[in-house]
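File shown: run25.cif. Contents: mmCIF, C-alpha atoms.
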data_final
loop_
_atom_site.label_atom_id
_atom_site.label_comp_id
_atom_site.auth_asym_id
_atom_site.auth_seq_id
_atom_site.Cartn_x
_atom_site.Cartn_y
_atom_site.Cartn_z
CA MET A 10 0.00 0.00 0.00
CA ARG A 11 1.39 3.37 -1.04
CA LYS A 12 2.15 5.66 1.89
CA SER A 13 0.42 9.01 2.10
CA LEU A 14 2.40 12.23 1.67
CA ARG A 15 2.00 12.90 5.39
CA ASP A 16 3.43 9.49 6.30
CA ARG A 17 6.36 9.92 3.92
CA LEU A 18 7.04 13.38 5.32
CA ALA A 19 7.16 11.96 8.85
CA ILE A 20 9.65 9.26 7.80
CA LEU A 21 11.92 11.42 5.65
CA SER A 22 12.04 14.44 7.94
CA ASP A 23 12.99 12.16 10.84
CA ALA A 24 15.65 10.48 8.71
CA ALA A 25 17.18 13.88 7.90
CA LYS A 26 17.86 14.71 11.55
CA TYR A 27 21.27 12.98 11.44
CA ASP A 28 22.63 15.51 8.97
CA ALA A 29 24.01 18.53 10.80
CA SER A 30 25.64 20.35 7.89
CA CYS A 31 22.77 22.58 6.87
CA ALA A 32 24.03 26.07 7.68
CA SER A 33 23.33 28.81 5.19
CA SER A 34 25.59 31.66 6.18
CA GLY A 35 26.84 33.77 3.33
CA GLY A 36 23.86 33.68 1.03
CA LYS A 37 23.03 36.96 -0.61
CA LYS A 38 19.48 38.17 -0.77
CA ARG A 39 18.04 37.66 -4.22
CA ASP A 40 16.50 40.56 -6.09
CA ALA A 41 12.96 40.80 -4.76
CA THR A 42 11.93 43.83 -6.76
CA THR A 43 10.35 41.65 -9.44
CA GLY A 44 8.28 39.61 -7.01
CA GLY A 45 8.69 35.88 -6.50
CA ILE A 46 8.30 33.57 -3.55
CA GLY A 47 10.49 33.47 -0.46
CA SER A 48 13.42 35.33 0.97
CA SER A 49 17.05 34.32 1.25
CA GLY A 50 18.23 37.36 3.15
CA GLY A 51 20.52 35.74 5.66
CA THR A 52 21.49 32.43 7.11
CA GLY A 53 19.68 29.36 8.41
CA ILE A 54 20.08 25.79 9.53
CA CYS A 55 16.52 24.75 10.32
CA HIS A 56 16.16 27.28 13.04
CA ALA A 57 18.89 29.89 12.85
CA TYR A 58 19.50 33.62 12.91
CA THR A 59 20.16 35.94 10.00
CA PRO A 60 22.78 38.71 10.23
CA ASP A 61 19.96 41.18 10.91
CA GLY A 62 18.70 39.09 13.85
CA ARG A 63 15.79 37.29 12.20
CA CYS A 64 15.18 33.63 13.00
CA ILE A 65 14.49 31.62 9.86
CA SER A 66 13.66 27.99 9.20
CA LEU A 67 14.43 25.51 6.45
CA LEU A 68 12.40 22.48 5.48
CA LYS A 69 14.92 19.71 6.17
CA ILE A 70 14.10 16.40 4.50
CA LEU A 71 15.56 13.49 2.58
CA MET A 72 14.34 12.93 -0.95
CA THR A 73 14.49 9.22 -0.09
CA ASN A 74 15.93 7.00 2.61
CA PHE A 75 16.35 4.12 0.19
CA CYS A 76 20.08 3.67 -0.41
CA ILE A 77 22.23 1.28 -2.42
CA PHE A 78 25.25 1.95 -0.19
CA ASP A 79 26.01 0.06 3.03
CA CYS A 80 27.79 2.59 5.27
CA ALA A 81 28.03 0.91 8.68
CA TYR A 82 27.26 4.09 10.67
CA CYS A 83 24.17 5.10 8.63
CA ILE A 84 20.70 4.08 9.70
CA ASN A 85 19.56 4.30 6.08
CA ARG A 86 22.17 1.84 4.75
CA VAL A 87 20.91 -0.84 2.38
CA SER A 88 21.16 -3.56 5.05
CA SER A 89 19.24 -1.55 7.66
CA ASN A 90 15.79 -2.71 8.67
CA VAL A 91 14.05 0.68 8.64
CA GLU A 92 10.80 1.84 7.11
CA ARG A 93 11.50 3.27 3.68
CA ALA A 94 9.89 6.13 1.81
CA ARG A 95 10.51 8.25 -1.25
CA PHE A 96 9.43 11.63 -2.54
CA SER A 97 9.04 12.44 -6.20
CA VAL A 98 10.43 15.67 -7.62
CA ASP A 99 6.92 17.15 -7.65
CA ASP A 100 6.35 16.07 -4.03
CA VAL A 101 9.35 18.04 -2.76
CA VAL A 102 8.49 21.08 -4.85
CA SER A 103 4.88 21.02 -3.63
CA LEU A 104 5.88 20.58 0.03
CA THR A 105 8.41 23.42 -0.11
CA LEU A 106 5.92 25.84 -1.65
CA GLU A 107 3.09 24.80 0.65
CA PHE A 108 5.22 25.12 3.77
CA TYR A 109 6.42 28.52 2.64
CA ARG A 110 2.90 29.78 1.92
CA ARG A 111 1.93 28.72 5.43
CA ASN A 112 4.88 30.74 6.75
CA TYR A 113 6.55 27.65 8.25
CA ILE A 114 9.82 27.99 6.34
CA GLU A 115 11.94 30.33 4.27
CA GLY A 116 13.98 27.73 2.45
CA LEU A 117 14.85 24.09 1.81
CA PHE A 118 17.62 21.76 2.94
CA LEU A 119 17.53 18.62 0.80
CA SER A 120 19.60 15.49 1.18
CA SER A 121 19.02 11.95 -0.04
CA GLY A 122 20.00 8.33 0.05
CA ILE A 123 21.50 6.97 -3.16
CA ILE A 124 18.75 5.36 -5.22
CA ARG A 125 19.46 3.58 -8.53
CA SER A 126 22.69 5.52 -9.06
CA PRO A 127 24.52 8.65 -7.83
CA ASP A 128 23.84 10.38 -11.16
CA ARG A 129 20.11 9.65 -11.08
CA THR A 130 19.84 10.89 -7.49
CA MET A 131 21.83 14.07 -8.12
CA ALA A 132 19.86 14.80 -11.29
CA ASP A 133 16.55 14.60 -9.40
CA MET A 134 17.83 16.89 -6.63
CA ALA A 135 19.06 19.45 -9.16
CA ARG A 136 15.73 19.27 -10.98
CA ILE A 137 13.89 20.03 -7.73
CA ALA A 138 15.95 23.19 -7.23
CA GLN A 139 15.59 24.20 -10.87
CA THR A 140 11.81 23.72 -10.80
CA LEU A 141 11.50 25.85 -7.68
CA ARG A 142 13.62 28.62 -9.20
CA GLU A 143 12.40 28.68 -12.80
CA THR A 144 8.83 27.41 -12.69
CA HIS A 145 7.75 28.89 -9.37
CA ASP A 146 10.19 31.83 -9.08
CA PHE A 147 11.16 30.66 -5.60
CA ARG A 148 13.69 33.06 -4.06
CA GLY A 149 14.12 31.35 -0.73
CA TYR A 150 17.27 29.63 0.44
CA ILE A 151 18.15 26.23 -1.04
CA HIS A 152 20.86 23.97 0.33
CA LEU A 153 21.57 20.69 -1.51
CA LYS A 154 23.60 17.78 -0.17
CA THR A 155 25.82 16.87 -3.10
CA ILE A 156 26.45 13.28 -4.13
CA PRO A 157 30.26 13.02 -4.53
CA ASP A 158 30.10 10.19 -7.08
CA ALA A 159 27.79 12.15 -9.38
CA ALA A 160 29.07 13.43 -12.71
CA PRO A 161 30.75 16.87 -12.57
CA GLU A 162 28.13 18.39 -14.87
CA LEU A 163 25.38 17.39 -12.43
CA ILE A 164 27.22 19.01 -9.53
CA ARG A 165 27.64 22.11 -11.69
CA GLU A 166 23.91 22.10 -12.43
CA ALA A 167 23.05 21.76 -8.74
CA GLY A 168 25.28 24.71 -7.87
CA ARG A 169 23.55 26.84 -10.47
CA TRP A 170 20.25 26.66 -8.57
CA ALA A 171 21.32 26.13 -4.94
CA ASP A 172 22.65 28.75 -2.53
CA ARG A 173 24.91 26.26 -0.80
CA LEU A 174 26.23 22.79 -1.51
CA SER A 175 27.58 20.43 1.10
CA ILE A 176 29.60 17.25 0.69
CA ASN A 177 30.17 15.14 3.79
CA VAL A 178 33.67 13.79 4.35
CA GLU A 179 31.91 11.34 6.69
CA LEU A 180 34.85 10.47 8.99
CA PRO A 181 38.11 12.24 9.92
CA GLN A 182 40.41 9.46 8.68
CA ASP A 183 40.56 7.97 5.18
CA ALA A 184 41.17 4.49 6.58
CA SER A 185 37.93 4.72 8.59
CA VAL A 186 35.93 5.74 5.51
CA ARG A 187 37.28 2.78 3.55
CA LYS A 188 36.48 0.42 6.41
CA LEU A 189 33.03 1.66 7.42
CA ALA A 190 31.77 3.02 4.08
CA PRO A 191 33.23 0.58 1.53
CA GLU A 192 31.39 2.06 -1.49
CA LYS A 193 32.76 5.55 -0.82
CA ARG A 194 36.24 6.72 -1.72
CA PRO A 195 37.87 9.64 0.15
CA GLU A 196 39.57 10.70 -3.08
CA THR A 197 36.22 11.03 -4.85
CA ILE A 198 34.79 13.08 -1.99
CA ARG A 199 37.75 15.48 -2.07
CA ALA A 200 37.60 15.75 -5.86
CA ALA A 201 33.95 16.81 -5.64
CA MET A 202 34.80 19.36 -2.94
CA ALA A 203 37.60 20.72 -5.11
CA GLN A 204 35.19 21.11 -8.02
CA VAL A 205 32.74 23.05 -5.86
CA ARG A 206 35.52 25.37 -4.70
CA LEU A 207 36.76 26.01 -8.25
CA GLU A 208 33.25 26.54 -9.65
CA HIS A 209 32.44 28.92 -6.79
CA GLU A 210 35.61 30.96 -7.35
CA ALA A 211 35.09 31.06 -11.11
CA ALA A 212 31.56 32.40 -10.62
CA GLY A 213 33.02 35.39 -8.81
CA ASP A 214 35.33 36.40 -11.66
CA ARG A 215 34.23 38.52 -14.59
CA THR A 216 35.00 37.28 -18.07
CA HIS A 217 37.32 39.16 -20.45
CA THR A 218 34.20 40.75 -21.97
CA GLY A 219 33.15 42.11 -18.60
CA ARG A 220 30.21 39.75 -18.19
CA THR A 221 29.51 38.04 -14.88
CA PRO A 222 29.65 34.23 -15.13
CA PRO A 223 26.59 32.16 -14.13
CA ARG A 224 26.07 32.00 -10.38
CA PHE A 225 27.29 28.95 -8.52
CA ALA A 226 26.42 28.20 -4.88
CA PRO A 227 27.04 31.79 -3.70
CA ALA A 228 27.00 30.69 -0.04
CA GLY A 229 29.85 28.25 -0.66
CA GLN A 230 30.08 24.74 0.74
CA SER A 231 30.13 22.96 4.09
CA THR A 232 30.82 19.44 5.32
CA GLN A 233 30.21 17.12 8.25
CA MET A 234 32.36 14.67 10.21
CA ILE A 235 31.00 11.96 12.46
CA VAL A 236 32.69 12.01 15.87
CA GLY A 237 33.18 8.81 17.85
CA ALA A 238 32.39 6.20 15.19
CA ASP A 239 36.08 5.40 14.79
CA GLY A 240 39.14 5.79 16.97
CA ALA A 241 40.11 9.29 15.82
CA ASP A 242 40.98 11.61 18.70
CA ASP A 243 40.16 15.32 18.85
CA VAL A 244 43.62 16.36 17.63
CA THR A 245 43.15 14.26 14.48
CA ILE A 246 39.68 15.74 13.94
CA LEU A 247 40.89 19.33 14.31
CA ASN A 248 43.84 18.76 11.99
CA THR A 249 41.48 17.30 9.39
CA ALA A 250 39.20 20.31 9.78
CA THR A 251 42.15 22.66 9.28
CA ARG A 252 43.10 20.93 6.03
CA LEU A 253 39.50 21.13 4.82
CA TYR A 254 39.20 24.84 5.60
CA ASN A 255 42.51 25.65 3.93
CA GLY A 256 42.15 23.32 0.98
CA TYR A 257 38.53 23.84 -0.01
CA ARG A 258 37.60 27.21 1.50
CA LEU A 259 34.72 25.70 3.45
CA LYS A 260 32.24 27.93 5.23
CA ARG A 261 31.72 25.43 8.02
CA VAL A 262 32.79 22.03 9.25
CA TYR A 263 30.08 20.36 11.31
CA TYR A 264 30.74 17.74 13.96
CA SER A 265 28.09 15.13 14.65
CA ALA A 266 28.40 12.81 17.64
CA PHE A 267 27.98 9.19 16.56
CA SER A 268 24.67 7.72 17.67
CA PRO A 269 24.38 3.91 17.94
CA ILE A 270 21.88 2.51 15.46
CA PRO A 271 19.81 -0.70 15.38
CA ASP A 272 21.53 -3.83 14.06
CA ALA A 273 24.86 -2.00 14.16
CA SER A 274 28.09 -3.46 12.83
CA SER A 275 30.50 -4.95 15.36
CA ALA A 276 33.07 -2.47 14.02
CA LEU A 277 31.16 0.38 15.68
CA PRO A 278 31.26 1.35 19.37
CA LEU A 279 28.35 0.29 21.53
CA ILE A 280 27.81 3.69 23.11
CA MET A 281 27.81 7.23 21.77
CA PRO A 282 30.52 9.71 22.80
CA PRO A 283 29.53 12.40 25.30
CA LEU A 284 27.69 15.24 23.58
CA LEU A 285 30.02 17.61 25.44
CA ARG A 286 32.83 16.32 23.23
CA GLU A 287 30.96 17.53 20.16
CA HIS A 288 30.42 20.89 21.88
CA ARG A 289 34.14 21.26 22.70
CA LEU A 290 35.03 20.56 19.06
CA TYR A 291 32.68 23.32 17.93
CA GLN A 292 34.31 25.69 20.43
CA ALA A 293 37.77 24.74 19.19
CA ASP A 294 36.63 25.20 15.59
CA TRP A 295 35.39 28.69 16.49
CA LEU A 296 38.79 29.53 17.99
CA MET A 297 40.52 28.46 14.78
CA ARG A 298 38.21 30.46 12.53
CA PHE A 299 37.80 33.69 14.47
CA TYR A 300 40.42 33.90 17.24
CA GLY A 301 43.67 33.11 15.46
CA PHE A 302 44.34 29.78 17.17
CA SER A 303 45.89 26.87 15.31
CA ALA A 304 44.89 23.25 15.82
CA GLU A 305 48.36 22.56 17.25
CA GLU A 306 47.99 25.30 19.88
CA ILE A 307 44.60 24.04 20.99
CA ALA A 308 45.79 20.43 21.05
CA THR A 309 49.06 20.99 22.89
CA GLY A 310 48.84 19.51 26.37
CA THR A 311 45.57 17.70 25.76
CA HIS A 312 44.99 14.39 27.49
CA GLN A 313 45.67 11.53 25.05
CA GLY A 314 44.73 13.77 22.14
CA HIS A 315 41.32 14.77 23.52
CA LEU A 316 40.04 18.18 24.53
CA ASP A 317 39.30 18.90 28.18
CA LEU A 318 35.62 18.20 28.81
CA ASP A 319 35.59 20.22 32.05
CA LEU A 320 36.88 23.47 30.53
CA ASP A 321 36.30 25.25 27.24
CA PRO A 322 39.36 25.06 24.93
CA LYS A 323 40.26 28.74 25.27
CA LEU A 324 40.29 28.64 29.06
CA ALA A 325 42.18 25.35 29.05
CA TRP A 326 44.81 26.91 26.75
CA ALA A 327 45.15 29.98 28.99
CA LEU A 328 45.68 27.83 32.08
CA ARG A 329 48.44 25.94 30.26
CA HIS A 330 50.11 29.22 29.24
CA ARG A 331 49.92 31.30 32.42
CA ALA A 332 53.33 32.81 31.70
CA GLN A 333 51.71 34.91 28.94
CA PHE A 334 49.36 36.55 31.47
CA PRO A 335 48.23 38.88 32.94
CA LEU A 336 47.76 41.17 29.95
CA ASP A 337 47.49 44.92 30.26
CA VAL A 338 44.10 45.55 28.65
CA ASN A 339 45.03 49.14 27.85
CA ARG A 340 48.17 48.15 25.93
CA ALA A 341 47.78 44.58 24.62
CA SER A 342 47.30 43.97 20.90
CA ARG A 343 44.03 42.73 19.45
CA GLU A 344 45.56 39.29 18.85
CA GLN A 345 46.60 39.05 22.50
CA LEU A 346 43.23 40.22 23.83
CA LEU A 347 41.43 37.60 21.74
CA ARG A 348 43.21 34.95 23.83
CA VAL A 349 41.84 36.19 27.14
CA PRO A 350 39.13 33.86 28.50
CA GLY A 351 35.85 35.75 28.75
CA PHE A 352 36.67 38.14 25.88
CA GLY A 353 34.80 37.60 22.63
CA VAL A 354 35.47 39.27 19.29
CA ARG A 355 32.91 42.02 19.89
CA ILE A 356 34.21 42.73 23.37
CA VAL A 357 37.77 43.03 22.08
CA ASP A 358 36.66 45.43 19.35
CA ARG A 359 34.82 47.52 21.94
CA ILE A 360 37.89 47.57 24.17
CA ILE A 361 40.14 48.77 21.35
CA GLY A 362 37.66 51.48 20.41
CA ALA A 363 37.10 52.69 23.98
CA ARG A 364 40.72 52.75 25.14
CA ARG A 365 41.57 55.35 22.51
CA HIS A 366 39.69 57.88 24.64
CA ALA A 367 40.39 56.78 28.22
CA ARG A 368 42.18 54.19 30.32
CA LEU A 369 39.77 51.36 30.94
CA ARG A 370 38.80 50.22 34.40
CA PHE A 371 37.21 47.05 35.77
CA ASP A 372 33.66 48.42 35.68
CA ASP A 373 34.13 49.56 32.08
CA LEU A 374 34.63 45.96 30.99
CA ILE A 375 31.57 44.85 32.94
CA ARG A 376 29.47 47.45 31.12
CA MET A 377 30.86 46.20 27.79
CA GLY A 378 29.58 42.71 28.59
CA ALA A 379 32.88 40.92 29.23
CA SER A 380 32.74 37.75 31.33
CA MET A 381 34.88 39.03 34.15
CA LYS A 382 34.50 35.88 36.21
CA LYS A 383 36.80 34.23 33.67
CA ALA A 384 38.82 37.22 32.55
CA LYS A 385 39.84 38.76 35.87
CA ALA A 386 42.59 36.21 36.53
CA PHE A 387 44.26 36.96 33.19
CA ILE A 388 44.18 40.77 32.87
CA HIS A 389 45.60 43.94 34.38
CA LEU A 390 43.68 47.26 34.46
CA ALA A 391 44.12 50.74 35.88
CA ASP A 392 42.25 49.66 39.03
CA TRP A 393 42.69 45.89 38.94
CA SER A 394 45.54 43.46 39.30
CA PRO A 395 45.08 39.70 39.69
CA ARG A 396 48.12 39.64 41.99
CA HIS A 397 48.77 35.98 42.78
CA LEU A 398 45.48 34.75 41.36
CA ILE A 399 47.06 33.76 38.04
CA ASP A 400 49.56 31.56 39.90
CA SER A 401 47.02 30.06 42.26
CA THR A 402 47.25 26.27 42.36
CA ASP A 403 43.47 26.01 42.62
CA LEU A 404 42.71 28.33 39.67
CA ARG A 405 41.54 25.39 37.54
CA ALA A 406 39.24 24.25 40.33
CA ARG A 407 37.62 27.69 40.36
CA PHE A 408 36.44 27.17 36.77
CA ALA A 409 35.91 23.42 36.51
CA PRO A 410 32.45 22.11 37.41
CA PRO A 411 32.20 20.33 40.77
CA PRO A 412 32.52 16.55 40.55
CA GLN A 413 29.21 14.77 40.38
CA GLN A 414 28.33 12.86 43.51
CA LEU A 415 26.63 9.50 43.41
CA THR A 416 23.44 9.24 45.42
CA LEU A 417 21.65 6.16 46.60
CA LEU A 418 18.05 5.88 45.49
#
Could you render the structure from this file as structure tokens?
Amino acid sequence: MRKSLRDRLAILSDAAKYDASCASSGGKKRDATTGGIGSSGGTGICHAYTPDGRCISLLKILMTNFCIFDCAYCINRVSSNVERARFSVDDVVSLTLEFYRRNYIEGLFLSSGIIRSPDRTMADMARIAQTLRETHDFRGYIHLKTIPDAAPELIREAGRWADRLSINVELPQDASVRKLAPEKRPETIRAAMAQVRLEHEAAGDRTHTGRTPPRFAPAGQSTQMIVGADGADDVTILNTATRLYNGYRLKRVYYSAFSPIPDASSALPLIMPPLLREHRLYQADWLMRFYGFSAEEIATGTHQGHLDLDLDPKLAWALRHRAQFPLDVNRASREQLLRVPGFGVRIVDRIIGARRHARLRFDDLIRMGASMKKAKAFIHLADWSPRHLIDSTDLRARFAPPPQQLTLL
């Protein structure tokens, strides 16, 4: 018996929850002066915030959870005993438009299992985006999960209609991909990512005649790594992320904690890693992208290659490098201030702007919004000195959460 559209939506929206790489930062707002449906003015994941503060939503679904591949960590693998469903091209187009008209969404994030062949799957996904754009004049945000094994011309076609493309590297180590996803080749994944980078850069260059080339995924590309499905430690993961950022100009690397699945392979762990590990990786990634830290700096002194779960990576680094503190807030460079725990990018910019007019005091930083509970041990001000606080043997204990106590029920 054929499933209803509602039933298929329930199955395929639930199946899409394992894909974290659906950010949309960097998309430019399309010309809305000629009408059309939707708005792509900003960023979105499913529920996210645009640069102007708006919260927007994307319809996040799989086109199908049928798959001819047998990736051990994927609940939709061919050998998995899950309920299957499939949308047609018209189904996805209709759902996207209907959800938009009801003001539920402002865009679409579309992924898919591999059905029949990578080319057939990628062609259907590109046709969905094209139909929305050309037939229905849809101007909302579209993010497509690219099939790495698809023909280059299909990836090019997808980028013509989508705002962002993403290609998952799956796991941080090539050996793990070959072992747990035998149909996938790391070299093919990287080749597809390289194509997206080159197509994106070419779309930004004017031709010798002065014409602008056809658009291609103006919001760039992102990827996702599964954390905890193999034996890779956090240092390995961060080094892989660094290579991806530098090599393919990614907008984001997403980290997804492995979640045990039914009928799992014996090659997989029985339990999922702590979600706090995923959170620490995101914090470390933020430090690399916006605070000038390298993966080596963050990783130095880590326990067996893993980030400290009790402390955020920036605070853990500062405690390991106490000799570099305290910093004189009124004299330190921007790069130095960005390494002070409790100081974010905005706070540092405010400090630099304000100290041009007056010497800053402790209360000035509080009014700026700095987290002085963290920062006070690492800074020097006109009316504040940490004295021996920076050398205190119990400074770590002041920041680390208290140990959990077992209670008898």
Exercise: region 295-302 of chain A partners within 8 Å, only C-alpha atoms, chain neighbours under 3 positions left out, as number ranges by chain: A: 291-292, 306-307, 323, 344, 347-348, 354
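Taking CA of Ile137 (chain A) and CA of Tyr254 (chain A) as endpoints, the distance between them is 29.0 Å.
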Evaluate the PyMOL selection byres ((chain A and resi 191-194) around 9) here and jot the selected residues down as a PDB file with C-alpha atoms, keeping the file's coordinate frame.
ATOM      1  CA  PHE A  78      25.250   1.950  -0.190  1.00  0.00           C
ATOM      2  CA  ASP A  79      26.010   0.060   3.030  1.00  0.00           C
ATOM      3  CA  CYS A  80      27.790   2.590   5.270  1.00  0.00           C
ATOM      4  CA  ALA A  81      28.030   0.910   8.680  1.00  0.00           C
ATOM      5  CA  PRO A 157      30.260  13.020  -4.530  1.00  0.00           C
ATOM      6  CA  ASP A 158      30.100  10.190  -7.080  1.00  0.00           C
ATOM      7  CA  ASP A 183      40.560   7.970   5.180  1.00  0.00           C
ATOM      8  CA  VAL A 186      35.930   5.740   5.510  1.00  0.00           C
ATOM      9  CA  ARG A 187      37.280   2.780   3.550  1.00  0.00           C
ATOM     10  CA  LYS A 188      36.480   0.420   6.410  1.00  0.00           C
ATOM     11  CA  LEU A 189      33.030   1.660   7.420  1.00  0.00           C
ATOM     12  CA  ALA A 190      31.770   3.020   4.080  1.00  0.00           C
ATOM     13  CA  PRO A 195      37.870   9.640   0.150  1.00  0.00           C
ATOM     14  CA  GLU A 196      39.570  10.700  -3.080  1.00  0.00           C
ATOM     15  CA  THR A 197      36.220  11.030  -4.850  1.00  0.00           C
ATOM     16  CA  ILE A 198      34.790  13.080  -1.990  1.00  0.00           C
ATOM     17  CA  ARG A 199      37.750  15.480  -2.070  1.00  0.00           C
TER      18      ARG A 199
END
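Here the PyMOL selection byres ((chain A and resi 383) around 9) captures the residues Leu324, Val349, Pro350, Gly351, Phe352, Ala379, Ser380, Met381, Lys382, Ala384, Lys385, Ala386, Phe387 and Phe408 of chain A.
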Result set, the PyMOL selection byres ((chain A and resi 170) around 10) on current file, as a PyMOL selection string: chain A and resi 135-143+150-153+165-169+171-173+224-227
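Across the model, the gap from CA of Tyr263 (chain A) to CA of Gln230 (chain A) is 11.4 Å.
Here the question is which of A:Phe75, A:Tyr113, A:Phe371, A:Phe334 gets nearest to Glu92 (chain A) using all atoms listed in the file, and that residue is A:Phe75.
CA of Val338 (chain A) is found 12.0 Å from CA of Gly362 (chain A).
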Cut-off 9 Å around (39.3, 16.8, 22.0) with only C-alpha atoms: residues as a PyMOL selection string: chain A and resi 242-247+286-287+289-290+293+308+311-318+322
Just C-alpha atoms for this one: save the residues we selected as a PDB file, in the coordinates of the input.
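Once everything was written out, this is selection.pdb:
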ATOM      1  CA  ASP A 242      40.980  11.610  18.700  1.00  0.00           C
ATOM      2  CA  ASP A 243      40.160  15.320  18.850  1.00  0.00           C
ATOM      3  CA  VAL A 244      43.620  16.360  17.630  1.00  0.00           C
ATOM      4  CA  THR A 245      43.150  14.260  14.480  1.00  0.00           C
ATOM      5  CA  ILE A 246      39.680  15.740  13.940  1.00  0.00           C
ATOM      6  CA  LEU A 247      40.890  19.330  14.310  1.00  0.00           C
ATOM      7  CA  ARG A 286      32.830  16.320  23.230  1.00  0.00           C
ATOM      8  CA  GLU A 287      30.960  17.530  20.160  1.00  0.00           C
ATOM      9  CA  ARG A 289      34.140  21.260  22.700  1.00  0.00           C
ATOM     10  CA  LEU A 290      35.030  20.560  19.060  1.00  0.00           C
ATOM     11  CA  ALA A 293      37.770  24.740  19.190  1.00  0.00           C
ATOM     12  CA  ALA A 308      45.790  20.430  21.050  1.00  0.00           C
ATOM     13  CA  THR A 311      45.570  17.700  25.760  1.00  0.00           C
ATOM     14  CA  HIS A 312      44.990  14.390  27.490  1.00  0.00           C
ATOM     15  CA  GLN A 313      45.670  11.530  25.050  1.00  0.00           C
ATOM     16  CA  GLY A 314      44.730  13.770  22.140  1.00  0.00           C
ATOM     17  CA  HIS A 315      41.320  14.770  23.520  1.00  0.00           C
ATOM     18  CA  LEU A 316      40.040  18.180  24.530  1.00  0.00           C
ATOM     19  CA  ASP A 317      39.300  18.900  28.180  1.00  0.00           C
ATOM     20  CA  LEU A 318      35.620  18.200  28.810  1.00  0.00           C
ATOM     21  CA  PRO A 322      39.360  25.060  24.930  1.00  0.00           C
TER      22      PRO A 322
END
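Distances here use all atoms listed in the file; by that measure, the residue among A:Ala409, A:Ile388, A:Leu277, A:Ala24 closest to Arg95 (chain A) is A:Ala24.
Using only C-alpha atoms, the nearest neighbour of Val87 (chain A) within the list A:Ile124, A:Leu336, A:Val102, A:Asp321 is A:Ile124.
For the set A:Ala325, A:Leu390, A:Arg364, A:Leu68, the residue with the smallest atom-to-atom gap to Ala406 (chain A) is A:Ala325, counting only C-alpha atoms.
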Cut-off 10 Å around (35.4, 7.1, 14.4) with only C-alpha atoms: residues as a ChimeraX atom specification: /A:82,179-182,185-186,189,234-242,246,266-267,276-278
Spatial neighbours of Pro269 (chain A), 7 Å, only C-alpha atoms, chain gap at least 4 places, as a list in words: Leu279, Ile280 and Met281 of chain A
Convert the current residue selection to file output with C-alpha atoms, as a CSV table (one decimal), in the coordinates of the input.
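Result went into part_37.csv, see below:
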chain,number,residue,atom,x,y,z
A,279,LEU,CA,28.4,0.3,21.5
A,280,ILE,CA,27.8,3.7,23.1
A,281,MET,CA,27.8,7.2,21.8
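With all atoms listed in the file as the basis for measurement, A:Ile156 is the residue among A:Ile375, A:Val98, A:Ile156, A:Cys83 that approaches Met131 (chain A) most closely.
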